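Source file work-v9.cif; content: mmCIF, C-alpha atoms.
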```cif
data_upload
loop_
_atom_site.label_atom_id
_atom_site.label_comp_id
_atom_site.auth_asym_id
_atom_site.auth_seq_id
_atom_site.Cartn_x
_atom_site.Cartn_y
_atom_site.Cartn_z
CA MET A 19 80.44 118.48 -49.29
CA ALA A 20 77.50 120.03 -51.07
CA GLU A 21 75.24 117.56 -52.76
CA GLU A 22 75.25 117.73 -56.50
CA VAL A 23 72.47 115.89 -58.28
CA LYS A 24 71.99 116.06 -62.00
CA LEU A 25 69.40 114.28 -64.05
CA PHE A 26 69.81 113.71 -67.77
CA ARG A 27 66.37 113.37 -69.31
CA ASN A 28 64.18 114.42 -72.19
CA TRP A 29 60.77 116.07 -71.99
CA SER A 30 58.75 112.88 -72.50
CA SER A 31 60.54 109.73 -71.40
CA PRO A 32 58.30 107.92 -68.92
CA PHE A 33 61.41 106.23 -67.52
CA ALA A 34 63.01 109.58 -66.78
CA LEU A 35 59.76 110.78 -65.21
CA ARG A 36 60.03 108.01 -62.61
CA VAL A 37 63.27 109.54 -61.43
CA VAL A 38 61.91 113.09 -61.53
CA TRP A 39 58.91 112.08 -59.43
CA ALA A 40 61.04 110.20 -56.91
CA LEU A 41 63.35 113.17 -56.40
CA GLN A 42 60.38 115.56 -56.14
CA LEU A 43 58.52 113.35 -53.65
CA LYS A 44 61.63 113.28 -51.47
CA GLY A 45 62.32 116.98 -51.93
CA VAL A 46 65.82 116.41 -53.29
CA PRO A 47 67.14 119.43 -55.22
CA TYR A 48 68.59 118.57 -58.63
CA ASP A 49 69.61 120.02 -61.96
CA THR A 50 67.82 118.93 -65.08
CA ILE A 51 69.80 118.42 -68.27
CA TYR A 52 67.53 117.95 -71.25
CA GLU A 53 68.81 115.74 -74.01
CA ASP A 54 67.84 115.64 -77.65
CA LEU A 55 68.01 111.93 -78.26
CA SER A 56 68.56 112.39 -81.98
CA GLU A 57 71.78 114.21 -81.08
CA LYS A 58 73.07 112.90 -77.79
CA SER A 59 75.51 115.03 -75.86
CA SER A 60 79.02 113.72 -75.32
CA LEU A 61 78.36 114.02 -71.59
CA LEU A 62 75.42 111.60 -71.80
CA LEU A 63 77.47 109.15 -73.84
CA HIS A 64 80.27 109.45 -71.30
CA TYR A 65 77.93 108.77 -68.36
CA ASN A 66 75.93 105.99 -70.02
CA PRO A 67 78.18 104.39 -72.62
CA ILE A 68 76.43 101.04 -72.55
CA HIS A 69 72.84 102.00 -73.22
CA LYS A 70 73.27 105.61 -74.36
CA LYS A 71 69.82 106.41 -72.98
CA VAL A 72 68.03 108.62 -70.51
CA PRO A 73 67.53 108.80 -67.63
CA VAL A 74 70.96 109.07 -66.11
CA LEU A 75 71.33 110.28 -62.55
CA VAL A 76 74.68 111.79 -61.62
CA HIS A 77 75.21 112.17 -57.88
CA ASN A 78 78.40 113.93 -56.87
CA GLU A 79 79.89 112.99 -60.24
CA LYS A 80 78.94 109.32 -60.01
CA PRO A 81 76.59 108.25 -62.83
CA LEU A 82 73.81 105.69 -62.70
CA ALA A 83 71.61 104.41 -65.49
CA GLU A 84 68.44 102.27 -65.64
CA SER A 85 65.44 103.92 -64.02
CA LEU A 86 64.47 101.09 -61.64
CA VAL A 87 68.07 100.81 -60.43
CA ILE A 88 68.12 104.59 -59.95
CA LEU A 89 64.90 104.45 -57.89
CA GLU A 90 66.48 101.93 -55.51
CA TYR A 91 69.54 104.17 -55.17
CA ILE A 92 67.42 107.25 -54.47
CA GLU A 93 65.53 105.34 -51.77
CA GLU A 94 68.73 104.22 -50.07
CA THR A 95 70.46 107.59 -50.32
CA TRP A 96 67.66 109.97 -49.29
CA LYS A 97 65.72 108.35 -46.49
CA GLN A 98 62.88 110.86 -46.15
CA THR A 99 59.46 109.99 -47.60
CA PRO A 100 60.14 106.28 -48.09
CA LEU A 101 58.87 105.06 -51.47
CA PHE A 102 59.38 101.34 -50.90
CA PRO A 103 57.38 99.17 -48.47
CA GLU A 104 59.06 98.46 -45.16
CA ASP A 105 58.39 94.74 -45.15
CA PRO A 106 60.95 92.71 -47.17
CA TYR A 107 58.31 90.46 -48.70
CA GLU A 108 56.21 93.41 -49.83
CA ARG A 109 59.34 95.10 -51.15
CA SER A 110 60.16 92.03 -53.22
CA THR A 111 56.62 91.82 -54.49
CA ALA A 112 56.83 95.43 -55.61
CA ARG A 113 60.11 94.72 -57.41
CA PHE A 114 58.51 91.70 -59.09
CA TRP A 115 55.61 93.77 -60.39
CA ALA A 116 57.87 96.57 -61.58
CA ARG A 117 59.87 94.09 -63.66
CA PHE A 118 56.67 92.52 -64.96
CA GLY A 119 55.61 95.99 -66.03
CA ASP A 120 58.80 96.70 -67.95
CA ASP A 121 59.48 93.22 -69.32
CA GLN A 122 55.96 92.06 -70.27
CA LEU A 123 53.26 94.69 -69.93
CA LEU A 124 54.90 97.55 -71.76
CA HIS A 125 55.57 95.66 -74.99
CA SER A 126 52.23 93.93 -74.92
CA VAL A 127 50.45 97.27 -74.63
CA PHE A 128 52.51 98.96 -77.34
CA ASN A 129 51.88 96.05 -79.69
CA VAL A 130 48.14 96.66 -79.47
CA PHE A 131 48.62 100.04 -81.07
CA ILE A 132 51.01 99.07 -83.85
CA LYS A 133 49.63 95.76 -85.04
CA GLN A 134 46.66 95.19 -87.29
CA GLY A 135 43.96 92.68 -88.09
CA LYS A 136 44.26 89.30 -86.46
CA GLU A 137 47.63 90.15 -84.88
CA GLN A 138 46.03 93.12 -83.20
CA GLU A 139 43.28 90.93 -81.77
CA GLU A 140 45.91 88.61 -80.32
CA ALA A 141 47.88 91.58 -78.99
CA ILE A 142 44.76 92.91 -77.29
CA ALA A 143 44.10 89.55 -75.64
CA ARG A 144 47.67 89.41 -74.36
CA ALA A 145 47.72 92.99 -73.12
CA GLN A 146 44.40 92.61 -71.36
CA GLY A 147 45.60 89.40 -69.73
CA ASN A 148 48.56 91.37 -68.36
CA LEU A 149 46.48 94.39 -67.35
CA LYS A 150 44.13 92.23 -65.34
CA TYR A 151 47.01 91.53 -62.92
CA LEU A 152 47.29 95.26 -62.29
CA GLU A 153 43.54 95.47 -61.71
CA GLU A 154 43.81 92.66 -59.15
CA GLU A 155 46.81 94.28 -57.43
CA LEU A 156 44.73 97.40 -56.81
CA ARG A 157 41.99 95.61 -54.93
CA GLY A 158 41.41 97.42 -51.62
CA LYS A 159 44.09 99.98 -52.40
CA LYS A 160 44.09 103.53 -53.66
CA PHE A 161 47.61 103.26 -55.05
CA PHE A 162 49.73 100.20 -55.87
CA SER A 163 51.82 101.21 -52.84
CA GLY A 164 48.79 101.63 -50.54
CA GLU A 165 47.45 104.93 -49.27
CA LYS A 166 50.20 107.01 -50.82
CA ILE A 167 52.15 106.99 -54.05
CA GLY A 168 55.29 104.88 -53.91
CA PHE A 169 57.83 102.99 -56.01
CA LEU A 170 55.39 100.75 -57.83
CA ASP A 171 53.11 103.65 -58.78
CA LEU A 172 56.09 105.48 -60.24
CA ALA A 173 57.08 102.31 -62.09
CA PHE A 174 53.59 102.09 -63.62
CA GLY A 175 53.45 105.82 -64.31
CA TRP A 176 53.67 105.21 -68.05
CA VAL A 177 50.25 103.53 -67.91
CA ALA A 178 48.72 106.77 -66.65
CA ASN A 179 50.90 108.85 -68.92
CA LEU A 180 50.75 107.14 -72.28
CA VAL A 181 47.98 104.61 -72.75
CA SER A 182 45.22 107.20 -73.18
CA VAL A 183 47.47 108.99 -75.67
CA PHE A 184 47.86 105.79 -77.72
CA GLU A 185 44.12 105.16 -77.41
CA GLU A 186 43.30 108.60 -78.75
CA ILE A 187 45.73 108.27 -81.65
CA GLN A 188 44.39 104.90 -82.77
CA GLY A 189 40.75 105.42 -81.79
CA LEU A 190 40.87 102.22 -79.74
CA THR A 191 40.07 101.74 -76.06
CA LEU A 192 42.25 99.19 -74.30
CA ILE A 193 41.63 100.05 -70.65
CA GLU A 194 37.87 99.70 -70.65
CA HIS A 195 35.63 100.84 -67.83
CA GLU A 196 33.89 97.52 -67.28
CA LYS A 197 37.09 95.52 -67.10
CA TYR A 198 39.37 97.99 -65.30
CA PRO A 199 37.46 100.27 -62.92
CA LEU A 200 40.22 100.21 -60.30
CA LEU A 201 42.97 100.86 -62.81
CA LEU A 202 41.10 103.81 -64.29
CA ALA A 203 40.53 105.20 -60.78
CA TRP A 204 44.24 104.76 -60.06
CA ILE A 205 45.16 106.60 -63.25
CA GLN A 206 42.98 109.53 -62.19
CA ASN A 207 44.33 109.60 -58.63
CA PHE A 208 47.88 109.40 -59.93
CA ILE A 209 47.46 112.19 -62.47
CA ASP A 210 45.77 114.38 -59.81
CA ALA A 211 48.55 114.06 -57.22
CA PRO A 212 50.19 117.50 -56.92
CA ILE A 213 53.81 116.34 -57.24
CA ILE A 214 53.00 114.13 -60.21
CA LYS A 215 50.93 116.82 -61.91
CA GLU A 216 53.78 119.31 -61.59
CA SER A 217 56.01 117.25 -63.86
CA TRP A 218 53.50 116.05 -66.40
CA PRO A 219 54.47 116.29 -70.06
CA PRO A 220 52.04 118.30 -72.25
CA ARG A 221 49.43 116.02 -73.79
CA ASP A 222 49.35 117.70 -77.18
CA LYS A 223 53.11 117.24 -77.59
CA LEU A 224 52.74 113.60 -76.54
CA ILE A 225 50.06 113.07 -79.15
CA THR A 226 52.22 114.57 -81.89
CA LYS A 227 55.27 112.60 -80.86
CA TYR A 228 53.56 109.25 -80.51
CA ARG A 229 51.45 109.64 -83.61
CA ALA A 230 54.69 109.73 -85.57
CA ARG A 231 56.18 106.87 -83.62
CA ILE A 232 53.09 104.66 -83.89
CA GLU A 233 52.90 105.32 -87.63
CA PHE A 234 56.55 104.40 -87.99
CA TYR A 235 56.20 101.11 -86.13
CA SER A 236 52.84 100.30 -87.72
CA SER A 237 54.30 100.57 -91.18
CA LYS A 238 57.25 98.41 -90.14
CA GLU A 239 54.77 95.80 -88.93
CA ALA A 240 52.75 96.02 -92.14
CA ALA A 241 55.94 95.66 -94.20
CA LYS A 242 56.76 92.37 -92.47
CA LYS A 243 53.94 90.67 -94.33
CA MET B 29 57.72 80.18 -35.57
CA ALA B 30 59.91 77.68 -37.36
CA GLU B 31 61.30 78.92 -40.63
CA GLU B 32 60.14 77.08 -43.68
CA VAL B 33 62.04 77.71 -46.88
CA LYS B 34 61.42 75.83 -50.12
CA VAL B 35 63.05 76.29 -53.50
CA PHE B 36 61.25 75.13 -56.61
CA ARG B 37 63.97 74.44 -59.13
CA THR B 38 65.34 72.09 -61.76
CA TRP B 39 68.67 70.28 -61.72
CA SER B 40 70.12 72.68 -64.31
CA SER B 41 68.49 76.10 -64.29
CA PRO B 42 71.26 78.69 -63.79
CA PHE B 43 68.64 81.10 -62.45
CA ALA B 44 67.65 78.61 -59.77
CA PHE B 45 71.33 78.09 -58.90
CA ARG B 46 71.61 81.76 -57.97
CA VAL B 47 69.05 81.18 -55.27
CA VAL B 48 70.55 77.87 -54.12
CA TRP B 49 74.02 79.42 -53.85
CA ALA B 50 72.74 82.45 -51.96
CA LEU B 51 70.96 80.28 -49.40
CA GLN B 52 74.04 78.07 -49.04
CA PHE B 53 76.37 81.04 -48.51
CA LYS B 54 74.11 82.32 -45.78
CA GLY B 55 73.68 78.87 -44.25
CA VAL B 56 69.90 79.03 -44.54
CA PRO B 57 68.29 75.57 -44.36
CA TYR B 58 65.85 74.92 -47.18
CA GLU B 59 64.05 72.18 -49.03
CA ASN B 60 64.59 71.51 -52.74
CA ILE B 61 61.54 70.77 -54.82
CA TYR B 62 62.63 69.58 -58.24
CA GLU B 63 60.34 70.34 -61.11
CA ASP B 64 60.04 68.69 -64.49
CA LEU B 65 59.38 71.70 -66.70
CA SER B 66 57.71 69.60 -69.34
CA GLU B 67 55.13 68.66 -66.70
CA LYS B 68 54.88 71.46 -64.16
CA SER B 69 53.38 70.67 -60.80
CA SER B 70 50.14 72.36 -59.80
CA LEU B 71 52.00 73.76 -56.81
CA LEU B 72 54.50 75.57 -59.05
CA LEU B 73 51.70 76.96 -61.20
CA HIS B 74 49.92 78.08 -58.03
CA TYR B 75 53.01 79.85 -56.69
CA ASN B 76 54.13 81.38 -59.98
CA PRO B 77 51.04 81.79 -62.13
CA ILE B 78 52.44 84.64 -64.18
CA HIS B 79 55.69 83.20 -65.46
CA LYS B 80 55.20 79.51 -64.61
CA LYS B 81 58.98 79.15 -64.22
CA VAL B 82 61.62 78.20 -61.71
CA PRO B 83 63.05 79.33 -59.42
CA VAL B 84 60.34 80.06 -56.93
CA LEU B 85 61.24 80.67 -53.31
CA VAL B 86 58.52 79.98 -50.78
CA HIS B 87 59.23 81.41 -47.34
CA ASN B 88 56.72 80.47 -44.64
CA GLY B 89 54.09 79.92 -47.32
CA LYS B 90 54.79 83.16 -49.20
CA PRO B 91 56.01 82.70 -52.78
CA LEU B 92 58.47 84.81 -54.74
CA ALA B 93 59.54 84.50 -58.35
CA GLU B 94 62.31 86.07 -60.47
CA SER B 95 65.78 85.09 -59.32
CA LEU B 96 67.25 88.60 -59.00
CA VAL B 97 64.22 89.71 -56.95
CA ILE B 98 64.63 86.60 -54.80
CA LEU B 99 68.31 87.40 -54.18
CA GLU B 100 67.37 90.85 -52.87
CA TYR B 101 64.79 89.25 -50.57
CA ILE B 102 67.27 86.70 -49.26
CA GLU B 103 69.76 89.48 -48.52
CA GLU B 104 67.19 91.52 -46.60
CA THR B 105 65.77 88.58 -44.69
CA TRP B 106 68.93 86.73 -43.64
CA LYS B 107 71.54 89.29 -42.73
CA GLN B 108 74.52 86.99 -42.17
CA THR B 109 77.21 86.81 -44.88
CA PRO B 110 76.13 89.92 -46.79
CA LEU B 111 76.14 89.34 -50.55
CA PHE B 112 75.53 92.92 -51.65
CA PRO B 113 78.03 95.78 -51.31
CA GLU B 114 77.47 98.08 -48.34
CA ASP B 115 77.79 101.33 -50.26
CA PRO B 116 74.55 102.38 -52.04
CA TYR B 117 76.37 103.45 -55.20
CA GLU B 118 78.22 100.15 -55.45
CA ARG B 119 74.97 98.34 -54.76
CA ALA B 120 73.26 100.23 -57.55
CA THR B 121 76.17 99.47 -59.88
CA ALA B 122 75.91 95.77 -59.08
CA ARG B 123 72.19 95.84 -59.82
CA PHE B 124 72.89 97.60 -63.12
CA TRP B 125 75.39 94.93 -64.19
CA ALA B 126 73.10 92.08 -63.15
CA ARG B 127 70.33 93.46 -65.36
CA PHE B 128 72.80 94.03 -68.19
CA GLY B 129 73.80 90.38 -67.82
CA ASP B 130 70.25 89.07 -68.08
CA ASP B 131 68.93 91.55 -70.65
CA GLN B 132 71.92 91.82 -73.01
CA VAL B 133 74.80 89.46 -72.35
CA LEU B 134 72.82 86.25 -71.95
CA PRO B 135 70.75 86.58 -75.15
CA SER B 136 73.79 87.72 -77.13
CA VAL B 137 75.89 84.76 -75.96
CA PHE B 138 73.09 82.32 -76.58
CA GLY B 139 72.64 83.84 -80.01
CA VAL B 140 76.21 82.89 -80.94
CA PHE B 141 75.51 79.23 -80.37
CA ILE B 142 72.16 78.94 -82.09
CA LYS B 143 72.80 81.03 -85.17
CA GLN B 144 74.69 80.13 -88.30
CA GLY B 145 76.68 81.70 -91.10
CA LYS B 146 76.59 85.47 -91.35
CA GLU B 147 74.11 85.81 -88.47
CA ARG B 148 76.52 83.92 -86.26
CA GLU B 149 79.35 86.27 -87.20
CA GLU B 150 77.20 89.23 -86.26
CA ALA B 151 76.15 87.51 -83.03
CA ILE B 152 79.80 86.95 -82.15
CA VAL B 153 80.57 90.64 -82.57
CA THR B 154 77.64 91.60 -80.35
CA ALA B 155 78.58 89.05 -77.69
CA HIS B 156 82.19 90.22 -77.62
CA GLY B 157 81.02 93.80 -77.29
CA ASN B 158 79.09 92.79 -74.19
CA LEU B 159 81.65 90.41 -72.69
CA LYS B 160 84.37 93.04 -72.81
CA TYR B 161 82.45 94.99 -70.14
CA LEU B 162 82.70 91.98 -67.85
CA GLU B 163 86.44 91.75 -68.48
CA GLU B 164 86.81 95.44 -67.58
CA GLU B 165 84.69 95.08 -64.43
CA LEU B 166 87.11 92.45 -63.16
CA ARG B 167 90.15 94.68 -63.33
CA GLY B 168 91.92 94.59 -59.96
CA LYS B 169 89.36 92.19 -58.53
CA LYS B 170 89.24 88.48 -57.90
CA PHE B 171 85.47 88.37 -58.04
CA PHE B 172 82.94 90.86 -59.42
CA SER B 173 82.05 91.53 -55.78
CA GLY B 174 85.67 91.99 -54.68
CA GLU B 175 87.61 89.58 -52.53
CA LYS B 176 84.71 87.23 -51.95
CA ILE B 177 81.83 85.92 -53.98
CA GLY B 178 78.72 88.09 -53.83
CA PHE B 179 75.50 88.99 -55.60
CA LEU B 180 77.01 89.91 -58.94
CA ASP B 181 79.10 86.74 -59.13
CA LEU B 182 75.96 84.69 -58.51
CA ALA B 183 74.16 86.71 -61.18
CA PHE B 184 76.94 85.91 -63.68
CA GLY B 185 77.16 82.30 -62.56
CA TRP B 186 75.66 81.12 -65.86
CA VAL B 187 78.80 82.35 -67.62
CA ALA B 188 80.94 79.95 -65.59
CA ASN B 189 78.33 77.26 -65.78
CA LEU B 190 77.21 77.17 -69.38
CA VAL B 191 79.47 78.95 -71.84
CA SER B 192 82.13 76.24 -71.91
CA VAL B 193 79.36 73.67 -72.39
CA PHE B 194 78.04 75.57 -75.43
CA GLU B 195 81.61 75.99 -76.70
CA GLU B 196 82.25 72.27 -76.49
CA ILE B 197 78.98 71.38 -78.21
CA GLN B 198 79.49 73.78 -81.10
CA GLY B 199 83.29 73.47 -81.31
CA LEU B 200 83.60 77.24 -81.08
CA THR B 201 85.55 79.27 -78.51
CA LEU B 202 83.90 82.52 -77.49
CA ILE B 203 85.74 83.35 -74.27
CA ASP B 204 89.30 83.09 -75.53
CA HIS B 205 92.49 83.52 -73.55
CA GLU B 206 93.83 86.57 -75.31
CA LYS B 207 90.71 88.69 -74.95
CA TYR B 208 89.43 87.47 -71.59
CA PRO B 209 92.22 86.46 -69.19
CA LEU B 210 90.44 87.98 -66.19
CA LEU B 211 87.08 86.45 -67.05
CA LEU B 212 88.64 83.01 -67.48
CA ALA B 213 90.42 83.39 -64.14
CA TRP B 214 87.11 84.41 -62.56
CA ILE B 215 85.39 81.37 -64.02
CA GLN B 216 88.02 79.11 -62.47
CA ASN B 217 87.93 80.85 -59.07
CA PHE B 218 84.15 80.75 -59.06
CA MET B 219 83.94 77.06 -59.92
CA ASP B 220 86.60 76.19 -57.32
CA ASP B 221 84.77 77.81 -54.45
CA PRO B 222 83.62 75.08 -52.03
CA ILE B 223 80.03 76.32 -51.72
CA ILE B 224 79.61 76.78 -55.46
CA LYS B 225 81.24 73.44 -56.22
CA GLU B 226 78.83 71.68 -53.89
CA SER B 227 75.87 72.74 -56.02
CA TRP B 228 77.17 72.36 -59.55
CA PRO B 229 75.18 70.51 -62.17
CA PRO B 230 76.96 67.50 -63.73
CA ARG B 231 78.74 68.55 -66.92
CA ASP B 232 77.86 65.46 -68.92
CA LYS B 233 74.16 65.97 -68.24
CA LEU B 234 74.51 69.63 -69.25
CA ILE B 235 76.14 68.61 -72.51
CA THR B 236 73.39 66.13 -73.30
CA LYS B 237 70.67 68.63 -72.42
CA TYR B 238 72.10 71.54 -74.39
CA GLN B 239 73.05 69.38 -77.33
CA ALA B 240 69.36 68.63 -77.70
CA LEU B 241 68.34 72.23 -77.02
CA LEU B 242 70.83 73.80 -79.43
CA GLY B 243 69.98 71.12 -81.96
CA SER B 244 66.33 72.11 -81.85
CA PHE B 245 67.23 75.68 -82.84
CA ILE B 246 69.42 74.94 -85.82
CA PRO B 247 66.78 73.46 -88.13
CA LYS B 248 64.46 76.35 -87.23
CA GLU B 249 67.19 78.91 -87.95
CA ALA B 250 68.05 77.23 -91.24
CA ALA B 251 64.40 77.04 -92.23
CA GLU B 252 63.96 80.78 -91.69
CA LYS B 253 66.43 81.67 -94.45
#
```
Take the structure I supplied and represent it as structure tokens, if you would.
Amino acid sequence: MAEEVKLFRNWSSPFALRVVWALQLKGVPYDTIYEDLSEKSSLLLHYNPIHKKVPVLVHNEKPLAESLVILEYIEETWKQTPLFPEDPYERSTARFWARFGDDQLLHSVFNVFIKQGKEQEEAIARAQGNLKYLEEELRGKKFFSGEKIGFLDLAFGWVANLVSVFEEIQGLTLIEHEKYPLLLAWIQNFIDAPIIKESWPPRDKLITKYRARIEFYSSKEAAKK
Amino acid sequence: MAEEVKVFRTWSSPFAFRVVWALQFKGVPYENIYEDLSEKSSLLLHYNPIHKKVPVLVHNGKPLAESLVILEYIEETWKQTPLFPEDPYERATARFWARFGDDQVLPSVFGVFIKQGKEREEAIVTAHGNLKYLEEELRGKKFFSGEKIGFLDLAFGWVANLVSVFEEIQGLTLIDHEKYPLLLAWIQNFMDDPIIKESWPPRDKLITKYQALLGSFIPKEAAEK
């Protein structure tokens, strides 16, 4: 039976990019279906009725949602170019950090760029506390996964992809050179990797998109007072 | 090298029970270290500095936190009595539902029992919307994992463990017989399993504990109006 792999995504979602990069790194052919999230296709809603989000991977008609779950599935289904560590303890540690990234780090970083005044100061302290764990994880390593890009690098891809965009929009540096030399080096190495670079969303479009989004959430925050 | 497995837990944490049950199913000997979360031991803080929570599994000196991550580690390390499905797609689906349980179902159910008035009505609608997926997942199956208890049943263990306790405290039935016959049957089958039954927190202690916990929310909720 011929393999049929489809990926529902949009042009910018960092969660969808994880899946794109994983498939590219493993050389798995797939079809891309771009969604306009303001007008979701009936097919997307059929395949992901619970969350109604991208990415959705459809493999031989069987749909899967949630990017980290999809990455595990890709690893188990296409065994070439392993993305996860071999050792079970290291694999679990990678899973732990990926969840930390999505559950704690992401919100704490976004908050820095939408809050103001004293709340912003507190948000910065929290985000930097979280980021320092990433800096420590990189000690002695080029990538979070070691010598080569792997699961955890893909999971943290949004850090490379979006933080500098937020920083430019708000004129505020969060990932400072003195505090995060390893993280900044990782960002550069990640962006420069050929497979990653190939599927990188255009920066100017990201700036436009997130300027609007940050303004929207900033005014919501301001209205709460 | 002799195996050394320790579980940092409390007497009641449903997340810690997932780990306890998994180890029991696989017949892995381990030591319980009970924590008082109002006065965490320095060892717990050393092993789980980021979240400072239970459960923590320590295997031959190496700590792991986050119960779902720990379950994956247990499965990969002790291969007897597999808890995960064999098929990668079914495995991915189980992982998806476990995350849905923790990210959506749990907060929505808890919301029902700590909110009041109109907010409670809305919370009930949300919780039912989520619970109906569990009812559908059980169609044609005794357990979420099939004929025998597995990963996803352990992940949903809190439903069997706590919902009836909340219902009794608040005098409010959420999982009713007409809407959720399969879920109620699952709860009974789960609780009756010998291994699960062996490690079940005492109901009267749960009622006392959650009476106090739910009670602490109500004044706060009322004050916010």
Explicit residue set for the PyMOL selection byres ((chain B and resi 48-56) around 6), as a list in words: Phe45, Arg46, Val47, Pro57, Gln108 and Thr109 of chain B
7 Å contacts from chain A to chain B using all atoms listed in the file, as number ranges by chain: A: 84, 87, 91, 94-95, 106-107, 110, 113-114
Matched chain/residue IDs from the PyMOL selection byres ((chain A and resi 125-128) around 8), as a PyMOL selection string: chain A and resi 120-124+129-132+141-142+144-145+148+181
Nearest to Leu192 (chain A) by atom-to-atom distance, counting all atoms listed in the file, from A:Gly147, A:Leu170, A:Lys24, A:Leu156: A:Gly147
Picked residues, the PyMOL selection byres ((chain A and resi 68-71) around 12), expected as number ranges by chain: A: 25-28, 31, 33-34, 52-67, 72-75, 82-85; B: 124-125, 127-129, 131-133, 157-162
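Residues surrounding Lys169 (chain B) within 12 Å are Leu162, Glu163, Glu175, Lys176, Ile177, Asp181, Leu210, Leu211, Ala213, Trp214 and Asn217 of chain B [all atoms listed in the file; sequence separation below 6 positions excluded].
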Residue among B:Gly89, B:Asn60, B:Ser69, B:Lys81 lying closest to Glu31 (chain B), counting all atoms listed in the file: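 Ranking B:Gly89, B:Asn60, B:Ser69, B:Lys81 by distance to Glu31 (chain B), first place goes to B:Gly89.
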